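What follows is the content of structure.pdb, which has PDB, C-alpha atoms:
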```
ATOM      1  CA  MET A   1       2.629 -86.418  91.008
ATOM      2  CA  ASP A   2       3.596 -82.876  90.017
ATOM      3  CA  LEU A   3       4.454 -82.287  86.375
ATOM      4  CA  LEU A   4       5.581 -78.644  86.610
ATOM      5  CA  SER A   5       6.734 -76.153  89.210
ATOM      6  CA  MET A   6       6.799 -72.374  88.788
ATOM      7  CA  ARG A   7       6.604 -69.044  90.570
ATOM      8  CA  TRP A   8       4.056 -66.321  89.804
ATOM      9  CA  ARG A   9       5.118 -62.739  90.541
ATOM     10  CA  ASP A  10       3.449 -59.330  90.592
ATOM     11  CA  THR A  11      -0.026 -60.655  89.859
ATOM     12  CA  LEU A  12      -2.825 -58.202  89.128
ATOM     13  CA  PHE A  13      -6.405 -59.484  89.304
ATOM     14  CA  ALA A  14      -8.993 -57.207  87.656
ATOM     15  CA  HIS A  15     -12.584 -58.514  87.709
ATOM     16  CA  TRP A  16     -15.906 -57.252  86.355
ATOM     17  CA  PRO A  17     -19.379 -58.605  87.268
ATOM     18  CA  VAL A  18     -21.388 -59.753  84.251
ATOM     19  CA  ASP A  19     -24.669 -61.456  83.380
ATOM     20  CA  PRO A  20     -24.320 -65.234  83.922
ATOM     21  CA  GLU A  21     -26.376 -65.989  80.800
ATOM     22  CA  LEU A  22     -23.961 -63.955  78.686
ATOM     23  CA  VAL A  23     -20.968 -65.886  79.979
ATOM     24  CA  GLN A  24     -22.770 -69.228  79.696
ATOM     25  CA  SER A  25     -23.363 -68.571  75.994
ATOM     26  CA  HIS A  26     -19.571 -68.632  75.507
ATOM     27  CA  LEU A  27     -19.018 -71.923  77.373
ATOM     28  CA  PRO A  28     -19.140 -75.547  76.216
ATOM     29  CA  ASP A  29     -22.251 -77.475  77.257
ATOM     30  CA  GLN A  30     -20.276 -79.588  79.714
ATOM     31  CA  LEU A  31     -19.447 -76.544  81.873
ATOM     32  CA  SER A  32     -21.707 -74.214  83.878
ATOM     33  CA  VAL A  33     -20.770 -70.679  84.851
ATOM     34  CA  ALA A  34     -20.063 -70.243  88.572
ATOM     35  CA  THR A  35     -21.653 -67.234  90.282
ATOM     36  CA  TYR A  36     -21.269 -65.274  93.502
ATOM     37  CA  ASP A  37     -24.420 -63.547  94.803
ATOM     38  CA  GLY A  38     -25.969 -63.992  91.365
ATOM     39  CA  ASP A  39     -23.127 -62.498  89.331
ATOM     40  CA  ALA A  40     -20.714 -64.182  86.964
ATOM     41  CA  TRP A  41     -17.274 -62.596  86.737
ATOM     42  CA  LEU A  42     -14.857 -61.957  83.906
ATOM     43  CA  GLY A  43     -11.282 -61.464  85.023
ATOM     44  CA  VAL A  44      -8.109 -60.149  83.442
ATOM     45  CA  VAL A  45      -5.053 -61.467  85.267
ATOM     46  CA  SER A  46      -1.503 -60.325  84.441
ATOM     47  CA  PHE A  47       1.711 -61.597  86.016
ATOM     48  CA  ASP A  48       5.266 -62.809  85.501
ATOM     49  CA  MET A  49       5.717 -66.586  85.279
ATOM     50  CA  VAL A  50       9.177 -67.381  86.623
ATOM     51  CA  ASP A  51      11.272 -70.556  86.446
ATOM     52  CA  ILE A  52       8.645 -72.824  84.888
ATOM     53  CA  ARG A  53      10.247 -76.221  84.786
ATOM     54  CA  PRO A  54       9.235 -79.859  84.370
ATOM     55  CA  ARG A  55       9.806 -82.159  87.308
ATOM     56  CA  GLY A  56      13.525 -82.936  87.589
ATOM     57  CA  SER A  57      14.625 -80.411  84.960
ATOM     58  CA  PRO A  58      17.605 -78.172  85.843
ATOM     59  CA  LEU A  59      16.407 -75.450  83.449
ATOM     60  CA  GLY A  60      13.215 -73.430  83.335
ATOM     61  CA  LEU A  61      11.430 -70.772  81.295
ATOM     62  CA  SER A  62      10.376 -67.312  82.470
ATOM     63  CA  PHE A  63       7.951 -64.979  80.696
ATOM     64  CA  PRO A  64       5.010 -62.643  81.360
ATOM     65  CA  GLU A  65       1.384 -63.617  80.772
ATOM     66  CA  VAL A  66      -2.034 -61.985  80.730
ATOM     67  CA  ASN A  67      -5.265 -63.954  80.452
ATOM     68  CA  LEU A  68      -9.027 -63.453  80.233
ATOM     69  CA  ARG A  69     -11.006 -65.895  82.340
ATOM     70  CA  THR A  70     -14.209 -66.776  84.097
ATOM     71  CA  TYR A  71     -15.094 -69.364  86.736
ATOM     72  CA  VAL A  72     -17.009 -72.547  86.029
ATOM     73  CA  GLU A  73     -18.181 -75.871  87.407
ATOM     74  CA  PRO A  74     -18.743 -79.141  85.544
ATOM     75  CA  ALA A  75     -22.415 -79.308  84.539
ATOM     76  CA  ASP A  76     -22.703 -82.773  86.110
ATOM     77  CA  GLY A  77     -21.178 -81.560  89.377
ATOM     78  CA  GLY A  78     -17.621 -81.012  90.508
ATOM     79  CA  GLU A  79     -15.153 -78.481  91.827
ATOM     80  CA  LYS A  80     -15.119 -74.856  90.694
ATOM     81  CA  GLY A  81     -12.226 -73.840  88.495
ATOM     82  CA  VAL A  82     -10.948 -71.403  85.883
ATOM     83  CA  TYR A  83     -12.028 -71.327  82.251
ATOM     84  CA  PHE A  84      -9.713 -69.332  79.975
ATOM     85  CA  PHE A  85     -10.978 -67.485  76.917
ATOM     86  CA  THR A  86      -7.439 -66.500  75.968
ATOM     87  CA  LEU A  87      -3.963 -66.642  77.453
ATOM     88  CA  GLU A  88      -1.345 -64.271  76.024
ATOM     89  CA  ALA A  89       2.328 -65.040  76.680
ATOM     90  CA  ALA A  90       5.666 -63.677  75.518
ATOM     91  CA  ASP A  91       7.527 -66.950  74.906
ATOM     92  CA  ARG A  92       6.895 -68.971  71.738
ATOM     93  CA  LEU A  93       8.190 -72.223  73.235
ATOM     94  CA  GLY A  94       6.037 -71.730  76.325
ATOM     95  CA  VAL A  95       2.983 -71.054  74.150
ATOM     96  CA  LEU A  96       3.566 -74.165  72.040
ATOM     97  CA  THR A  97       4.170 -76.355  75.093
ATOM     98  CA  ALA A  98       1.028 -75.140  76.857
ATOM     99  CA  ARG A  99      -1.129 -75.580  73.748
ATOM    100  CA  MET A 100       0.116 -79.102  73.111
ATOM    101  CA  GLY A 101       0.564 -80.330  76.675
ATOM    102  CA  PHE A 102      -2.398 -78.682  78.413
ATOM    103  CA  ARG A 103      -4.686 -77.824  75.444
ATOM    104  CA  LEU A 104      -4.958 -74.241  76.623
ATOM    105  CA  ALA A 105      -5.822 -71.317  74.332
ATOM    106  CA  TYR A 106      -2.379 -69.693  74.431
ATOM    107  CA  HIS A 107      -1.311 -67.039  71.931
ATOM    108  CA  HIS A 108       2.082 -65.437  71.446
ATOM    109  CA  ALA A 109       2.171 -61.708  72.191
ATOM    110  CA  THR A 110       4.803 -58.995  72.435
ATOM    111  CA  MET A 111       5.120 -57.960  76.070
ATOM    112  CA  SER A 112       7.018 -55.563  78.301
ATOM    113  CA  VAL A 113       7.060 -55.619  82.109
ATOM    114  CA  GLN A 114       8.983 -53.014  84.098
ATOM    115  CA  SER A 115       9.078 -52.234  87.795
ATOM    116  CA  ARG A 116       9.751 -48.649  88.872
ATOM    117  CA  ASP A 117       9.376 -46.997  92.244
ATOM    118  CA  GLY A 118       7.193 -49.799  93.549
ATOM    119  CA  ALA A 119       4.853 -49.817  90.525
ATOM    120  CA  ILE A 120       4.604 -52.390  87.743
ATOM    121  CA  ASP A 121       4.133 -51.300  84.117
ATOM    122  CA  PHE A 122       2.657 -54.190  82.119
ATOM    123  CA  GLN A 123       2.090 -54.040  78.354
ATOM    124  CA  SER A 124       0.947 -56.772  75.980
ATOM    125  CA  TYR A 125       0.057 -56.636  72.294
ATOM    126  CA  ARG A 126      -0.952 -59.384  69.886
ATOM    127  CA  PRO A 127      -1.637 -58.319  66.287
ATOM    128  CA  ALA A 128      -4.685 -59.560  64.446
ATOM    129  CA  SER A 129      -4.441 -62.760  62.440
ATOM    130  CA  ARG A 130      -6.750 -64.576  60.042
ATOM    131  CA  ASP A 131      -8.483 -66.427  62.882
ATOM    132  CA  SER A 132      -8.148 -63.982  65.772
ATOM    133  CA  PRO A 133      -8.586 -60.217  66.379
ATOM    134  CA  ALA A 134      -5.837 -58.095  67.901
ATOM    135  CA  ALA A 135      -5.525 -58.060  71.696
ATOM    136  CA  HIS A 136      -3.975 -55.206  73.697
ATOM    137  CA  PHE A 137      -3.483 -54.754  77.441
ATOM    138  CA  ASP A 138      -1.648 -51.837  79.059
ATOM    139  CA  ALA A 139      -1.694 -51.166  82.805
ATOM    140  CA  THR A 140       0.279 -49.756  85.710
ATOM    141  CA  TYR A 141      -0.361 -51.044  89.207
ATOM    142  CA  ARG A 142       1.092 -50.320  92.617
ATOM    143  CA  PRO A 143       0.377 -52.503  95.671
ATOM    144  CA  VAL A 144      -0.644 -50.838  98.934
ATOM    145  CA  GLY A 145      -1.142 -52.161 102.436
ATOM    146  CA  GLU A 146      -0.121 -55.498 103.872
ATOM    147  CA  PRO A 147      -0.842 -58.932 102.372
ATOM    148  CA  GLU A 148      -3.699 -60.935 103.861
ATOM    149  CA  GLN A 149      -5.291 -64.263 103.037
ATOM    150  CA  PRO A 150      -8.839 -63.988 101.646
ATOM    151  CA  GLU A 151     -11.650 -64.453 104.152
ATOM    152  CA  PRO A 152     -13.394 -67.828 103.783
ATOM    153  CA  GLY A 153     -16.620 -67.438 101.835
ATOM    154  CA  SER A 154     -15.740 -63.941 100.604
ATOM    155  CA  LEU A 155     -15.938 -62.671  97.048
ATOM    156  CA  THR A 156     -12.158 -62.308  97.049
ATOM    157  CA  GLU A 157     -11.775 -65.986  97.894
ATOM    158  CA  PHE A 158     -14.233 -66.899  95.123
ATOM    159  CA  LEU A 159     -12.208 -64.925  92.574
ATOM    160  CA  VAL A 160      -8.643 -65.882  93.476
ATOM    161  CA  GLU A 161      -8.686 -69.272  95.200
ATOM    162  CA  ASN A 162      -9.132 -71.659  92.284
ATOM    163  CA  TYR A 163      -7.088 -74.821  92.021
ATOM    164  CA  ARG A 164      -8.122 -76.306  88.705
ATOM    165  CA  PHE A 165      -8.842 -75.233  85.156
ATOM    166  CA  TYR A 166     -11.027 -76.615  82.373
ATOM    167  CA  THR A 167     -10.454 -76.484  78.620
ATOM    168  CA  ASP A 168     -13.046 -76.101  75.866
ATOM    169  CA  GLU A 169     -12.026 -78.851  73.438
ATOM    170  CA  TRP A 170     -13.832 -82.182  73.471
ATOM    171  CA  PRO A 171     -13.119 -84.161  75.515
ATOM    172  CA  ILE A 172     -12.765 -81.470  78.151
ATOM    173  CA  VAL A 173      -9.471 -81.593  80.010
ATOM    174  CA  VAL A 174      -9.061 -80.630  83.660
ATOM    175  CA  GLY A 175      -5.768 -79.422  85.087
ATOM    176  CA  ILE A 176      -5.051 -79.291  88.815
ATOM    177  CA  ILE A 177      -2.644 -76.846  90.458
ATOM    178  CA  ASP A 178      -1.574 -76.357  94.052
ATOM    179  CA  HIS A 179      -0.217 -73.435  96.058
ATOM    180  CA  ASP A 180      -0.569 -71.761  99.439
ATOM    181  CA  PRO A 181      -3.491 -69.337  99.864
ATOM    182  CA  TRP A 182      -2.895 -66.132  97.926
ATOM    183  CA  PRO A 183      -1.232 -63.286  99.914
ATOM    184  CA  ILE A 184      -3.637 -60.615  98.668
ATOM    185  CA  GLN A 185      -2.991 -56.863  98.863
ATOM    186  CA  ASP A 186      -4.985 -53.820  97.871
ATOM    187  CA  VAL A 187      -3.674 -52.159  94.725
ATOM    188  CA  ASP A 188      -3.918 -48.870  92.871
ATOM    189  CA  ALA A 189      -4.360 -49.827  89.221
ATOM    190  CA  GLU A 190      -4.647 -47.792  86.046
ATOM    191  CA  ILE A 191      -5.724 -49.831  83.018
ATOM    192  CA  ARG A 192      -5.074 -47.682  79.953
ATOM    193  CA  ALA A 193      -5.977 -50.254  77.310
ATOM    194  CA  ASN A 194      -7.771 -53.586  77.404
ATOM    195  CA  THR A 195      -9.190 -55.187  74.259
ATOM    196  CA  LEU A 196      -9.063 -58.775  75.518
ATOM    197  CA  PHE A 197     -12.849 -58.775  75.908
ATOM    198  CA  GLU A 198     -13.469 -57.725  72.324
ATOM    199  CA  ALA A 199     -10.853 -60.202  71.076
ATOM    200  CA  CYS A 200     -12.885 -62.991  72.711
ATOM    201  CA  GLY A 201     -16.310 -61.869  71.527
ATOM    202  CA  PHE A 202     -17.453 -59.862  74.570
ATOM    203  CA  ASP A 203     -18.397 -56.223  74.895
ATOM    204  CA  HIS A 204     -16.220 -54.505  77.470
ATOM    205  CA  PRO A 205     -18.071 -54.511  80.825
ATOM    206  CA  GLY A 206     -18.964 -51.108  82.198
ATOM    207  CA  GLY A 207     -17.609 -49.635  85.396
ATOM    208  CA  ASP A 208     -14.331 -49.962  87.231
ATOM    209  CA  PRO A 209     -13.000 -53.431  87.983
ATOM    210  CA  LEU A 210     -12.518 -54.986  91.393
ATOM    211  CA  VAL A 211      -8.731 -55.241  91.706
ATOM    212  CA  HIS A 212      -6.349 -57.282  93.860
ATOM    213  CA  TYR A 213      -2.597 -57.859  93.876
ATOM    214  CA  ALA A 214      -0.227 -60.607  95.018
ATOM    215  CA  ARG A 215       3.538 -60.242  95.195
ATOM    216  CA  GLU A 216       4.642 -63.845  94.746
ATOM    217  CA  ILE A 217       3.463 -67.429  95.063
ATOM    218  CA  ASP A 218       4.980 -70.838  94.293
ATOM    219  CA  VAL A 219       2.799 -73.150  92.200
ATOM    220  CA  THR A 220       2.873 -76.786  91.134
ATOM    221  CA  ALA A 221       0.787 -78.356  88.361
ATOM    222  CA  GLU A 222      -0.284 -81.969  87.912
ATOM    223  CA  PRO A 223      -0.544 -83.684  84.522
ATOM    224  CA  PRO A 224      -3.854 -82.810  82.830
ATOM    225  CA  ALA A 225      -6.606 -85.433  82.730
ATOM    226  CA  ILE A 226      -9.860 -86.040  80.861
ATOM    227  CA  LEU A 227     -12.926 -84.721  82.719
ATOM    228  CA  ARG A 228     -15.030 -87.734  83.751
TER     229      ARG A 228
END
```

Please express the file's structure as structure tokens.
Amino acid sequence: MDLLSMRWRDTLFAHWPVDPELVQSHLPDQLSVATYDGDAWLGVVSFDMVDIRPRGSPLGLSFPEVNLRTYVEPADGGEKGVYFFTLEAADRLGVLTARMGFRLAYHHATMSVQSRDGAIDFQSYRPASRDSPAAHFDATYRPVGEPEQPEPGSLTEFLVENYRFYTDEWPIVVGIIDHDPWPIQDVDAEIRANTLFEACGFDHPGGDPLVHYAREIDVTAEPPAILR
């Protein structure tokens, strides 16, 4: 049974290939890094979360989010999913609910999202605290071309088509989401600032990221469960 429904808008995926051993060193023992052609991937994903509401609720929350993630599998076998190193969001109630209800590493950040002339300006800043460094993300992105579903078996499918997430606290919790295949477009993206890597203990990967965009998708989420 679905616990939440929501809509994700103006999603930018920016991914960098990295050494699997480096990523594995940041994961709990119960999870193994997932690879594609020998590479692990670190991704920064920014978007607007719209009308997030519990099942049956007439009211919902809306706020922007940016997260740093990789892709993992349970060490004892199981389905690939997302592992979040940090999730930055602009709504304090949403952050508290996600931390308590889903045990996700959400942090409150000051954010601004503006759309002009077909481009999205996305800014996020979280100041340093006693237990966490500052995190800053600033980008402009403009979709181009027509949306297409990722080819089965492609790198794009590996990066965007993930329908569960895993947390890092013992016992590990798995959350399951559902949505149609992503309507992926090419995108021109300029990332002016990105310190999410450093905030999570990584050096910033070299080179330009592999970028994708999706205009909008409807998502449902099931209640989280203990990983067996």

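Between Ser115 (chain A) and the residues A:Asp51, A:Glu161, A:Asp10, A:Asp19, the shortest atom-to-atom distance, using all atoms listed in the file, involves A:Asp10.
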
Which residues fall under the PyMOL selection byres ((chain A and resi 174) around 7) in this file, as a PyMOL selection string?
chain A and resi 164-167+172-173+175-176+224-227

Please produce a file of those selected residues containing C-alpha atoms, as a PDB file, in the frame of the given file.
```pdb
ATOM      1  CA  ARG A 164      -8.122 -76.306  88.705  1.00  0.00           C
ATOM      2  CA  PHE A 165      -8.842 -75.233  85.156  1.00  0.00           C
ATOM      3  CA  TYR A 166     -11.027 -76.615  82.373  1.00  0.00           C
ATOM      4  CA  THR A 167     -10.454 -76.484  78.620  1.00  0.00           C
ATOM      5  CA  ILE A 172     -12.765 -81.470  78.151  1.00  0.00           C
ATOM      6  CA  VAL A 173      -9.471 -81.593  80.010  1.00  0.00           C
ATOM      7  CA  GLY A 175      -5.768 -79.422  85.087  1.00  0.00           C
ATOM      8  CA  ILE A 176      -5.051 -79.291  88.815  1.00  0.00           C
ATOM      9  CA  PRO A 224      -3.854 -82.810  82.830  1.00  0.00           C
ATOM     10  CA  ALA A 225      -6.606 -85.433  82.730  1.00  0.00           C
ATOM     11  CA  ILE A 226      -9.860 -86.040  80.861  1.00  0.00           C
ATOM     12  CA  LEU A 227     -12.926 -84.721  82.719  1.00  0.00           C
TER      13      LEU A 227
END
```

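CA of Arg142 (chain A) lies 5.2 Å from CA of Asp188 (chain A).
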
Of A:Arg116, A:Arg53, A:His26, A:Arg215, the one nearest to Phe85 (chain A) when counting all atoms listed in the file is A:His26

Hey, what comes out of the PyMOL selection byres ((chain A and resi 14) around 6) on this file? Could you write it as a PyMOL selection string?
chain A and resi 13+15+43-44+209-211

Looking at all atoms listed in the file, which of A:Leu4, A:Trp182, A:His136, A:Phe202 is the one that sits closest to Ser25 (chain A)?
A:Phe202

Can you work out which one of A:Gly201, A:Trp8, A:Glu157, A:Arg69 has the shortest atom-to-atom distance to Ala134 (chain A), counting only C-alpha atoms?
A:Gly201

With distances taken over all atoms listed in the file, which of A:Thr35, A:Ser132, A:Ser154, A:Thr86 is nearest to Val72 (chain A)?
A:Thr35

Could you list, as a ChimeraX atom specification, every residue matched by the PyMOL selection byres ((chain A and resi 66) around 12) in this structure?
/A:8,10-14,43-49,63-65,67-69,84-90,105-113,122-126,135-139,194-196

Residue nearest Glu73 (chain A) among A:Glu169, A:Asp208, A:Asp186, A:Asp29 (counting only C-alpha atoms)
A:Asp29

Would you mind listing what lies within 9 Å of Gln24 (chain A) as a PyMOL selection string, with all atoms listed in the file counted and same-chain residues fewer than 6 positions away left out?
chain A and resi 31-33

Given the selection you just returned, output its residues as a file containing C-alpha atoms, formatted as an mmCIF file, keeping the file's coordinate frame.
```
data_model
loop_
_atom_site.group_PDB
_atom_site.id
_atom_site.type_symbol
_atom_site.label_atom_id
_atom_site.label_comp_id
_atom_site.auth_asym_id
_atom_site.auth_seq_id
_atom_site.Cartn_x
_atom_site.Cartn_y
_atom_site.Cartn_z
ATOM 1 C CA LEU A 31 -19.447 -76.544 81.873
ATOM 2 C CA SER A 32 -21.707 -74.214 83.878
ATOM 3 C CA VAL A 33 -20.770 -70.679 84.851
#
```

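Relative to CA of Leu61 (chain A), CA of Val95 (chain A) is found at 11.1 Å.
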
Tell me, in Å to one decimal, how far CA of Pro54 (chain A) is from CA of Gly78 (chain A).
27.6 Å

Selection: 7 Å around Val18 (chain A), only C-alpha atoms, excl. self and same-chain fewer than 2 positions, as a ChimeraX atom specification:
/A:16,20,39-42
